[in-house]
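The data block below is protein37.txt; it holds compact mmCIF, C-alpha atoms and all ligand atoms.
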```
# COMPACT_ATOMS: atom_id res chain seq x y z
CA MET A 1 0.00 0.00 0.00
CA THR A 2 1.31 3.43 -0.95
CA THR A 3 0.79 6.42 1.33
CA PRO A 4 -2.09 8.51 -0.04
CA ALA A 5 -0.96 11.86 -1.46
CA HIS A 6 -2.04 14.97 0.45
CA VAL A 7 -4.87 16.44 -1.63
CA ILE A 8 -5.12 20.22 -2.00
CA VAL A 9 -8.31 21.46 -3.65
CA LEU A 10 -8.88 24.99 -4.90
CA GLY A 11 -12.58 25.68 -4.63
CA ASN A 12 -15.27 28.33 -4.52
CA GLU A 13 -18.30 28.96 -6.63
CA LYS A 14 -17.33 32.30 -8.04
CA GLY A 15 -15.38 33.06 -11.16
CA GLY A 16 -12.17 35.02 -11.10
CA ALA A 17 -11.28 34.88 -7.39
CA GLY A 18 -7.90 33.28 -8.03
CA LYS A 19 -8.31 29.50 -7.88
CA SER A 20 -6.24 28.68 -10.97
CA THR A 21 -3.60 31.30 -10.15
CA THR A 22 -3.24 29.96 -6.60
CA ALA A 23 -3.17 26.34 -7.83
CA MET A 24 -0.17 27.23 -9.97
CA GLN A 25 1.65 29.08 -7.16
CA ILE A 26 1.11 26.13 -4.80
CA PHE A 27 2.31 23.57 -7.34
CA VAL A 28 5.56 25.47 -8.07
CA ALA A 29 6.24 26.06 -4.37
CA LEU A 30 5.85 22.33 -3.57
CA ALA A 31 7.88 21.26 -6.59
CA ARG A 32 10.68 23.66 -5.62
CA ALA A 33 10.63 22.17 -2.13
CA GLY A 34 11.48 18.86 -3.79
CA HIS A 35 8.07 17.20 -3.83
CA ARG A 36 6.58 15.34 -6.76
CA VAL A 37 3.16 16.86 -7.40
CA GLY A 38 0.13 15.51 -9.25
CA ALA A 39 -2.27 17.87 -10.98
CA LEU A 40 -5.95 17.68 -11.97
CA ASP A 41 -7.92 20.39 -13.73
CA LEU A 42 -11.65 19.86 -13.28
CA ASP A 43 -12.54 23.09 -15.05
CA LEU A 44 -13.03 21.32 -18.36
CA ARG A 45 -14.42 24.39 -20.09
CA GLN A 46 -11.63 26.90 -19.31
CA GLN A 47 -8.75 24.59 -18.35
CA SER A 48 -6.85 27.61 -16.98
CA PHE A 49 -4.60 25.50 -14.75
CA PHE A 50 -3.60 23.12 -17.54
CA ARG A 51 -3.27 25.95 -20.08
CA TYR A 52 -0.96 27.67 -17.58
CA LEU A 53 1.06 24.43 -17.52
CA ASP A 54 1.03 24.19 -21.33
CA ASN A 55 2.44 27.72 -21.46
CA ARG A 56 5.11 26.64 -18.98
CA ASP A 57 6.06 23.70 -21.16
CA ALA A 58 6.31 25.93 -24.23
CA TYR A 59 8.37 28.50 -22.36
CA ALA A 60 10.80 25.84 -21.11
CA LYS A 61 11.31 24.67 -24.69
CA ARG A 62 11.88 28.22 -25.86
CA ILE A 63 14.55 28.98 -23.27
CA GLY A 64 16.02 25.49 -23.67
CA LYS A 65 15.92 24.85 -19.91
CA PRO A 66 13.75 22.30 -18.13
CA LEU A 67 11.20 23.68 -15.67
CA LEU A 68 9.60 21.73 -12.85
CA MET A 69 6.36 20.11 -14.03
CA PRO A 70 3.64 18.14 -12.22
CA ARG A 71 2.27 14.77 -13.24
CA ARG A 72 -1.01 15.59 -14.90
CA MET A 73 -4.01 13.27 -15.19
CA ASN A 74 -7.37 13.78 -16.86
CA VAL A 75 -10.75 12.82 -15.51
CA THR A 76 -13.96 12.38 -17.49
CA PRO A 77 -17.14 13.27 -15.63
CA SER A 78 -19.89 10.68 -15.68
CA ASN A 79 -22.70 11.27 -18.16
CA ALA A 80 -25.23 9.37 -16.08
CA ILE A 81 -28.56 11.17 -16.09
CA SER A 82 -29.33 10.60 -12.41
CA ARG A 83 -27.32 12.98 -10.24
CA ASP A 84 -26.82 10.34 -7.55
CA HIS A 85 -25.51 7.91 -10.12
CA ALA A 86 -23.18 10.56 -11.61
CA ALA A 87 -21.95 11.49 -8.11
CA ALA A 88 -21.15 7.85 -7.29
CA GLU A 89 -19.30 7.33 -10.58
CA ASP A 90 -17.34 10.57 -10.25
CA GLN A 91 -16.34 9.73 -6.68
CA ALA A 92 -15.14 6.30 -7.78
CA GLN A 93 -13.11 7.82 -10.61
CA MET A 94 -11.65 10.47 -8.30
CA ALA A 95 -10.57 7.77 -5.82
CA LYS A 96 -8.97 5.72 -8.60
CA THR A 97 -7.14 8.74 -10.07
CA LEU A 98 -5.82 9.81 -6.67
CA ALA A 99 -4.66 6.27 -5.92
CA GLU A 100 -2.72 6.24 -9.19
CA LEU A 101 -1.14 9.65 -8.50
CA SER A 102 -0.29 8.57 -4.94
CA ARG A 103 2.10 5.98 -6.38
CA ASP A 104 4.71 8.66 -6.96
CA CYS A 105 3.30 12.01 -5.77
CA ALA A 106 3.35 13.40 -2.22
CA PHE A 107 0.77 16.07 -3.11
CA VAL A 108 -2.04 16.44 -5.61
CA VAL A 109 -3.28 19.92 -6.54
CA ILE A 110 -6.84 20.01 -7.93
CA ASP A 111 -8.30 23.08 -9.58
CA THR A 112 -12.11 23.18 -9.79
CA PRO A 113 -14.57 25.23 -11.85
CA GLY A 114 -16.55 28.06 -10.29
CA ALA A 115 -19.60 25.79 -10.15
CA VAL A 116 -20.68 22.83 -8.05
CA THR A 117 -20.49 19.78 -10.35
CA PRO A 118 -20.53 16.16 -9.15
CA MET A 119 -16.80 15.85 -10.02
CA ALA A 120 -16.01 19.05 -8.09
CA GLU A 121 -17.97 17.62 -5.18
CA ALA A 122 -15.93 14.42 -5.41
CA ALA A 123 -12.77 16.56 -5.16
CA HIS A 124 -14.14 18.37 -2.09
CA ILE A 125 -14.75 15.03 -0.38
CA ALA A 126 -11.17 13.99 -1.20
CA ALA A 127 -9.62 17.31 -0.02
CA ASP A 128 -7.21 17.21 2.92
CA THR A 129 -6.68 20.95 2.48
CA LEU A 130 -9.38 23.06 0.84
CA VAL A 131 -8.21 26.50 -0.27
CA THR A 132 -10.96 29.01 -1.07
CA PRO A 133 -9.69 32.28 -2.50
CA ILE A 134 -12.06 35.20 -2.04
CA ASN A 135 -11.81 38.43 -3.91
CA ASP A 136 -10.95 40.76 -1.09
CA SER A 137 -11.40 43.95 -3.02
CA LEU A 138 -15.02 43.02 -3.73
CA ILE A 139 -15.49 41.45 -0.29
CA ASP A 140 -17.05 38.26 -1.56
CA PHE A 141 -18.70 37.27 1.72
CA ASP A 142 -21.75 35.87 0.02
CA LEU A 143 -19.55 33.07 -1.20
CA LEU A 144 -19.27 31.85 2.39
CA GLY A 145 -22.40 33.00 4.08
CA ARG A 146 -25.41 35.26 3.94
CA VAL A 147 -24.58 38.50 5.68
CA ASP A 148 -27.00 41.28 6.68
CA PRO A 149 -26.01 44.20 4.47
CA VAL A 150 -26.83 46.77 7.15
CA ASP A 151 -25.26 45.47 10.35
CA GLY A 152 -22.95 42.79 8.91
CA ARG A 153 -24.55 40.00 10.99
CA VAL A 154 -24.11 36.48 9.65
CA LEU A 155 -27.53 35.08 8.72
CA GLY A 156 -26.48 31.59 7.56
CA PRO A 157 -24.17 29.58 5.35
CA SER A 158 -24.07 29.94 1.56
CA ILE A 159 -24.82 27.12 -0.86
CA TYR A 160 -21.08 26.59 -1.26
CA ALA A 161 -20.52 26.41 2.51
CA GLU A 162 -23.33 23.85 2.68
CA MET A 163 -21.64 21.76 -0.01
CA VAL A 164 -18.39 21.84 1.99
CA TRP A 165 -20.38 20.81 5.05
CA SER A 166 -21.84 17.79 3.31
CA ALA A 167 -18.39 16.84 1.96
CA ARG A 168 -17.12 17.01 5.55
CA GLN A 169 -19.83 14.67 6.73
CA ARG A 170 -18.96 12.18 4.03
CA ARG A 171 -15.32 12.28 5.05
CA ALA A 172 -16.33 11.66 8.65
CA ALA A 173 -18.52 8.72 7.58
CA ARG A 174 -15.49 7.23 5.77
CA ARG A 175 -13.30 7.83 8.82
CA MET A 176 -11.03 10.17 6.88
CA LYS A 177 -9.27 12.97 8.76
CA PRO A 178 -11.16 16.30 8.81
CA VAL A 179 -10.47 18.78 6.04
CA ASP A 180 -8.44 21.88 6.82
CA TRP A 181 -10.55 24.60 5.18
CA VAL A 182 -8.56 27.70 4.46
CA VAL A 183 -9.98 30.95 3.10
CA LEU A 184 -7.39 33.01 1.28
CA ARG A 185 -7.96 36.73 0.89
CA ASN A 186 -6.83 37.51 -2.65
CA ARG A 187 -6.34 40.81 -4.50
CA ILE A 188 -6.05 42.64 -1.19
CA ALA A 189 -6.60 46.34 -1.63
CA THR A 190 -5.96 49.08 0.86
CA LEU A 191 -9.20 49.71 2.68
CA ASP A 192 -9.69 52.45 5.23
CA SER A 193 -9.26 51.25 8.79
CA ARG A 194 -12.98 51.37 9.68
CA ASN A 195 -13.84 49.21 6.71
CA LYS A 196 -10.94 46.89 7.45
CA ARG A 197 -12.21 46.35 10.99
CA LYS A 198 -15.73 45.64 9.72
CA VAL A 199 -14.44 43.13 7.16
CA GLY A 200 -12.25 41.49 9.81
CA ASN A 201 -15.23 41.16 12.20
CA VAL A 202 -17.50 39.56 9.61
CA ILE A 203 -14.78 37.12 8.54
CA ASP A 204 -14.13 36.19 12.18
CA GLU A 205 -17.79 35.49 12.80
CA LEU A 206 -18.16 33.51 9.59
CA SER A 207 -15.06 31.49 10.31
CA LYS A 208 -16.45 30.41 13.70
CA ARG A 209 -19.90 29.64 12.33
CA ILE A 210 -18.79 27.81 9.20
CA GLY A 211 -15.49 26.30 10.31
CA PHE A 212 -12.65 27.70 8.22
CA ARG A 213 -9.47 29.61 9.00
CA VAL A 214 -8.22 32.66 7.17
CA VAL A 215 -4.75 32.96 5.68
CA PRO A 216 -3.13 35.99 4.08
CA GLY A 217 -3.21 35.93 0.30
CA PHE A 218 -1.91 38.18 -2.44
CA SER A 219 -2.20 41.88 -3.08
CA GLU A 220 -3.63 43.13 -6.34
CA ARG A 221 -0.61 43.10 -8.71
CA VAL A 222 -0.41 43.00 -12.51
CA ILE A 223 2.43 40.47 -12.34
CA PHE A 224 -0.11 37.71 -11.51
CA ARG A 225 -1.81 38.29 -14.87
CA GLU A 226 1.43 38.84 -16.80
CA LEU A 227 3.01 35.53 -15.80
CA PHE A 228 0.21 33.36 -17.25
CA LEU A 229 1.57 33.51 -20.80
CA SER A 230 5.03 32.30 -19.87
CA GLY A 231 3.63 29.73 -17.45
CA LEU A 232 5.93 30.98 -14.72
CA THR A 233 5.11 31.91 -11.13
CA LEU A 234 6.68 34.40 -8.79
CA LEU A 235 8.92 31.77 -7.26
CA ASP A 236 10.39 30.94 -10.69
CA LEU A 237 11.23 34.54 -11.45
CA LYS A 238 14.67 34.95 -9.97
CA THR A 239 16.26 32.28 -12.11
CA ASN A 240 14.13 32.02 -15.24
CA GLY A 241 12.27 35.28 -15.54
CA PRO A 242 11.26 37.05 -18.72
CA VAL A 243 11.12 40.28 -16.72
CA PRO A 244 13.64 41.83 -14.31
CA LEU A 245 12.74 41.41 -10.65
CA THR A 246 11.31 44.58 -9.11
CA MET A 247 10.57 45.49 -5.49
CA SER A 248 6.91 44.70 -6.12
CA HIS A 249 7.86 41.21 -7.34
CA VAL A 250 10.03 40.64 -4.29
CA ALA A 251 7.10 41.62 -2.06
CA ALA A 252 4.79 39.33 -4.06
CA ARG A 253 7.21 36.40 -3.70
CA GLN A 254 7.17 36.99 0.02
CA GLU A 255 3.36 36.84 -0.03
CA VAL A 256 3.54 33.47 -1.80
CA ARG A 257 5.98 32.12 0.79
CA GLU A 258 3.80 33.39 3.65
CA MET A 259 0.75 31.76 2.07
CA ILE A 260 2.52 28.39 1.76
CA LYS A 261 3.71 28.61 5.35
CA ALA A 262 0.17 29.43 6.54
CA LEU A 263 -1.21 26.39 4.69
CA ASP A 264 0.86 24.28 7.09
CA LEU A 265 1.20 21.32 4.73
CA PRO A 266 2.75 18.09 6.02
CA GLY A 267 6.51 17.84 5.46
CA VAL A 268 6.83 21.26 3.83
CA GLY A 269 9.40 23.58 5.36
CA PRO A 270 10.33 27.13 4.38
CA ILE A 271 10.25 27.67 0.60
CA GLU A 272 13.20 29.15 -1.28
N1 LIG B 1 -3.63 39.00 -6.75
C1 LIG B 1 -3.93 39.24 -8.04
N2 LIG B 1 -3.61 40.42 -8.62
C2 LIG B 1 -3.93 40.65 -9.90
N3 LIG B 1 -4.55 39.80 -10.71
C3 LIG B 1 -4.92 38.61 -10.19
C4 LIG B 1 -4.62 38.26 -8.84
N4 LIG B 1 -5.10 37.00 -8.62
C5 LIG B 1 -5.65 36.58 -9.78
N5 LIG B 1 -5.55 37.54 -10.73
C6 LIG B 1 -6.03 37.49 -12.12
O1 LIG B 1 -7.45 37.41 -12.10
C7 LIG B 1 -7.92 36.57 -13.14
C8 LIG B 1 -8.76 35.44 -12.53
O2 LIG B 1 -7.90 34.61 -11.75
P1 LIG B 1 -8.03 33.02 -11.81
O3 LIG B 1 -8.19 32.57 -13.22
O4 LIG B 1 -6.94 32.46 -10.99
O5 LIG B 1 -9.42 32.85 -11.04
P2 LIG B 1 -10.33 31.56 -10.91
O6 LIG B 1 -10.92 31.58 -9.53
O7 LIG B 1 -9.58 30.36 -11.31
O8 LIG B 1 -11.49 31.87 -11.98
P3 LIG B 1 -12.51 30.83 -12.65
O9 LIG B 1 -13.57 30.56 -11.64
O10 LIG B 1 -13.00 31.58 -13.84
O11 LIG B 1 -11.74 29.60 -12.98
C9 LIG B 1 -6.69 36.07 -13.89
O12 LIG B 1 -6.48 36.89 -15.01
C10 LIG B 1 -5.55 36.26 -12.89
O13 LIG B 1 -4.33 36.50 -13.52
MG MG B 2 -9.95 28.93 -12.80
```

Turn this file's structure into structure tokens for me.
Amino acid sequence: MTTPAHVIVLGNEKGGAGKSTTAMQIFVALARAGHRVGALDLDLRQQSFFRYLDNRDAYAKRIGKPLLMPRRMNVTPSNAISRDHAAAEDQAQMAKTLAELSRDCAFVVIDTPGAVTPMAEAAHIAADTLVTPINDSLIDFDLLGRVDPVDGRVLGPSIYAEMVWSARQRRAARRMKPVDWVVLRNRIATLDSRNKRKVGNVIDELSKRIGFRVVPGFSERVIFRELFLSGLTLLDLKTNGPVPLTMSHVAARQEVREMIKALDLPGVGPIE
């Protein structure tokens, strides 16, 4: 029996909050730390994570230098008409795929679409660490819970939070260890201090009610968009970069390192 890989799922039900970007940053950080990483892209329509990796492959060929790559696998969602049937088939396929990747990977990074599909649900059940980026500049609370717009009171969980809850119960029923649910504040903008306090209070209350922890994410920086085409991430920049390293990039690299540290993944020390 091989040791099961630690599964990291990027999930939320909103587009553009940073799932694919964060998936890529996490993969490169783990690979640089010397771990073999498996990769799944469940966003079959956009395939941003795998297109990012294709760009990386092409860039490596262009510069004539190998770049760290994950072991990719594809999954095909069930086309069963009954949702229960599709869910069962997708869960079985997810388990099989993860078992195969566990043969030589210590981690598997799974990017999901901004929608709850049976395959995305299967990934949430398999997640040891669930990373949910929220768009901090737009304060995407409704992704996590319903919040009273006037006084900021938490009224109840969102549909996504309920899906995570049911995935948790399934893990418990299978005697798997509880998921570590981490909300990552992405595209952090400078808010005034009153607003900041209000945001902090709502997040605190939500985190207690719904059961996640909050980790620092990334500031709003153009470099995150620019790197997609070359398939590089901030941690690659020093040695392979198409652009000279600026102070802003150095600060962004530090944010990536802090994020990885805060994820507290098994066997992962400080990242170079
Ligand atoms: N911190 C950031 N600063 C600036 N741009 C960012 C930042 N994080 C992500 N982006 C950009 O925002 C866009 C959306 O990010 P990304 O594709 O990672 O989101 P997503 O959650 O995967 O979206 P989808 O649900 O559509 O798959 C991308 O163009 C990405 O480069
Ligand atoms: Mg995406």

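Checking A:Thr117, A:Ser102, A:Asn195, A:Thr233 one by one against Ala5 (chain A), counting all atoms listed in the file, you find the shortest gap at A:Ser102.
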
Contacts of Leu245 (chain A) at 12 Å (all atoms listed in the file; same-chain gap of 6+ positions) as a ChimeraX atom specification: /A:223,234-239,251-253

Residues of chain A at most 12 Å from ligand MG 2 (chain B): nearest atom pair and distance in Å, all atoms listed in the file, as a Markdown table:
```
| residue | atom | partner | partner_atom | distance |
| --- | --- | --- | --- | --- |
| A:Val9 | CA | B:MG2 | MG | 11.9 |
| A:Leu10 | CA | B:MG2 | MG | 8.9 |
| A:Gly11 | CA | B:MG2 | MG | 9.2 |
| A:Asn12 | CA | B:MG2 | MG | 9.9 |
| A:Glu13 | CA | B:MG2 | MG | 10.4 |
| A:Lys14 | CA | B:MG2 | MG | 9.4 |
| A:Gly15 | CA | B:MG2 | MG | 7.0 |
| A:Gly16 | CA | B:MG2 | MG | 6.7 |
| A:Ala17 | CA | B:MG2 | MG | 8.2 |
| A:Gly18 | CA | B:MG2 | MG | 6.8 |
| A:Lys19 | CA | B:MG2 | MG | 5.2 |
| A:Ser20 | CA | B:MG2 | MG | 4.1 |
| A:Thr21 | CA | B:MG2 | MG | 7.3 |
| A:Thr22 | CA | B:MG2 | MG | 9.2 |
| A:Ala23 | CA | B:MG2 | MG | 8.8 |
| A:Met24 | CA | B:MG2 | MG | 10.3 |
| A:Leu40 | CA | B:MG2 | MG | 12.0 |
| A:Asp41 | CA | B:MG2 | MG | 8.8 |
| A:Leu42 | CA | B:MG2 | MG | 9.2 |
| A:Asp43 | CA | B:MG2 | MG | 6.8 |
| A:Leu44 | CA | B:MG2 | MG | 9.9 |
| A:Arg45 | CA | B:MG2 | MG | 9.7 |
| A:Gln46 | CA | B:MG2 | MG | 7.0 |
| A:Gln47 | CA | B:MG2 | MG | 7.1 |
| A:Ser48 | CA | B:MG2 | MG | 5.4 |
| A:Phe49 | CA | B:MG2 | MG | 6.6 |
| A:Phe50 | CA | B:MG2 | MG | 9.8 |
| A:Arg51 | CA | B:MG2 | MG | 10.3 |
| A:Tyr52 | CA | B:MG2 | MG | 10.3 |
| A:Ile110 | CA | B:MG2 | MG | 10.6 |
| A:Asp111 | CA | B:MG2 | MG | 6.9 |
| A:Thr112 | CA | B:MG2 | MG | 6.8 |
| A:Pro113 | CA | B:MG2 | MG | 6.0 |
| A:Gly114 | CA | B:MG2 | MG | 7.1 |
| A:Ala115 | CA | B:MG2 | MG | 10.5 |
| A:Thr132 | CA | B:MG2 | MG | 11.8 |
| A:Pro133 | CA | B:MG2 | MG | 10.8 |
| A:Phe228 | CA | B:MG2 | MG | 11.9 |
```

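Note that atom N4 of ligand LIG 1 (chain B) and CA of Pro157 (chain A) are 24.8 Å apart.
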
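Across the model, the gap from CA of Val214 (chain A) to CA of Leu184 (chain A) is 6.0 Å.
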
Option closest in space to ligand LIG 1 (chain B), from A:Leu101, A:Ala95, A:Ile271, A:Val256 [counting all atoms listed in the file]: A:Val256

Please provide as a PDB file with C-alpha atoms, keeping the file's coordinate frame all residues within 10 Å of region 59-67 of chain A, with the sequence filter that same-chain residues fewer than 4 positions apart are discarded (counting only C-alpha atoms).
```
ATOM      1  CA  VAL A  28       5.560  25.470  -8.070  1.00  0.00           C
ATOM      2  CA  ALA A  31       7.880  21.260  -6.590  1.00  0.00           C
ATOM      3  CA  LEU A  53       1.060  24.430 -17.520  1.00  0.00           C
ATOM      4  CA  ASP A  54       1.030  24.190 -21.330  1.00  0.00           C
ATOM      5  CA  ASN A  55       2.440  27.720 -21.460  1.00  0.00           C
ATOM      6  CA  LEU A 229       1.570  33.510 -20.800  1.00  0.00           C
ATOM      7  CA  SER A 230       5.030  32.300 -19.870  1.00  0.00           C
ATOM      8  CA  GLY A 231       3.630  29.730 -17.450  1.00  0.00           C
ATOM      9  CA  LEU A 232       5.930  30.980 -14.720  1.00  0.00           C
ATOM     10  CA  ASP A 236      10.390  30.940 -10.690  1.00  0.00           C
ATOM     11  CA  ASN A 240      14.130  32.020 -15.240  1.00  0.00           C
ATOM     12  CA  PRO A 242      11.260  37.050 -18.720  1.00  0.00           C
TER      13      PRO A 242
END
```

Considering all atoms listed in the file, give me a table of residues in region 3-114 of chain A that are at most 7 Å from region 122-128 of chain A, with the closest atom pair and distance in Å for each, as a tab-separated table.
```
residue	atom	partner	partner_atom	distance
A:His6	CA	A:Asp128	CA	6.2
A:Val7	CA	A:Ala127	CA	5.1
A:Ile8	CA	A:Ala127	CA	5.7
A:Val9	CA	A:Ala127	CA	5.7
A:Asp90	CA	A:Ala122	CA	6.3
A:Gln91	CA	A:Ala122	CA	4.9
A:Met94	CA	A:Ala122	CA	6.5
```

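Residue nearest ligand LIG 1 (chain B) within the list A:Ile26, A:Val108, A:Ala92, A:Ala33: A:Ile26 [criterion: smallest interatomic distance, only C-alpha atoms and all ligand atoms].
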
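Taking CA of Val183 (chain A) and CA of Arg83 (chain A) as endpoints, the distance between them is 28.3 Å.
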
Using all atoms of region 21-33 of chain A that appear in the file, construct an axis-aligned enclosing box with 4 Å of padding on every side and provide its centre coordinates and edge lengths in Å, rounded to one decimal, as JSON.
```
{"center_x": 3.5, "center_y": 26.3, "center_z": -6.1, "size_x": 22.3, "size_y": 18.0, "size_z": 16.0}
```

Rank A:Arg213, A:Arg72, A:Arg225, A:Arg171 by their smallest atom-to-atom distance to ligand LIG 1 (chain B), using all atoms listed in the file, and report the top residue only. A:Arg225

Fill-in result for region 207-221 of chain A, N, CA and C atoms as a short mmCIF file (atom, residue, chain, number, x, y, z; two decimals), keeping the file's coordinate frame:
```cif
data_model
loop_
_atom_site.label_atom_id
_atom_site.label_comp_id
_atom_site.auth_asym_id
_atom_site.auth_seq_id
_atom_site.Cartn_x
_atom_site.Cartn_y
_atom_site.Cartn_z
N SER A 207 -16.01 32.59 10.15
CA SER A 207 -15.06 31.49 10.31
C SER A 207 -15.45 30.61 11.50
N LYS A 208 -16.01 31.22 12.55
CA LYS A 208 -16.45 30.41 13.70
C LYS A 208 -17.71 29.63 13.35
N ARG A 209 -18.63 30.29 12.67
CA ARG A 209 -19.90 29.64 12.33
C ARG A 209 -19.71 28.51 11.34
N ILE A 210 -18.84 28.74 10.33
CA ILE A 210 -18.79 27.81 9.20
C ILE A 210 -17.59 26.87 9.28
N GLY A 211 -16.59 27.24 10.08
CA GLY A 211 -15.49 26.30 10.31
C GLY A 211 -14.36 26.38 9.31
N PHE A 212 -13.86 27.58 9.02
CA PHE A 212 -12.65 27.70 8.22
C PHE A 212 -11.66 28.59 8.96
N ARG A 213 -10.42 28.63 8.47
CA ARG A 213 -9.47 29.61 9.00
C ARG A 213 -9.04 30.51 7.85
N VAL A 214 -8.56 31.68 8.20
CA VAL A 214 -8.22 32.66 7.17
C VAL A 214 -6.71 32.78 7.08
N VAL A 215 -6.19 32.74 5.85
CA VAL A 215 -4.75 32.96 5.68
C VAL A 215 -4.54 34.17 4.76
N PRO A 216 -3.41 34.84 4.93
CA PRO A 216 -3.13 35.99 4.08
C PRO A 216 -2.89 35.53 2.65
N GLY A 217 -3.40 36.28 1.71
CA GLY A 217 -3.21 35.93 0.30
C GLY A 217 -2.34 36.96 -0.40
N PHE A 218 -2.74 37.31 -1.60
CA PHE A 218 -1.91 38.18 -2.44
C PHE A 218 -2.55 39.54 -2.63
N SER A 219 -1.71 40.55 -2.73
CA SER A 219 -2.20 41.88 -3.08
C SER A 219 -2.57 41.91 -4.55
N GLU A 220 -3.29 42.93 -4.93
CA GLU A 220 -3.63 43.13 -6.34
C GLU A 220 -2.36 43.58 -7.07
N ARG A 221 -1.84 42.74 -7.97
CA ARG A 221 -0.61 43.10 -8.71
C ARG A 221 -0.71 42.57 -10.13
#
```
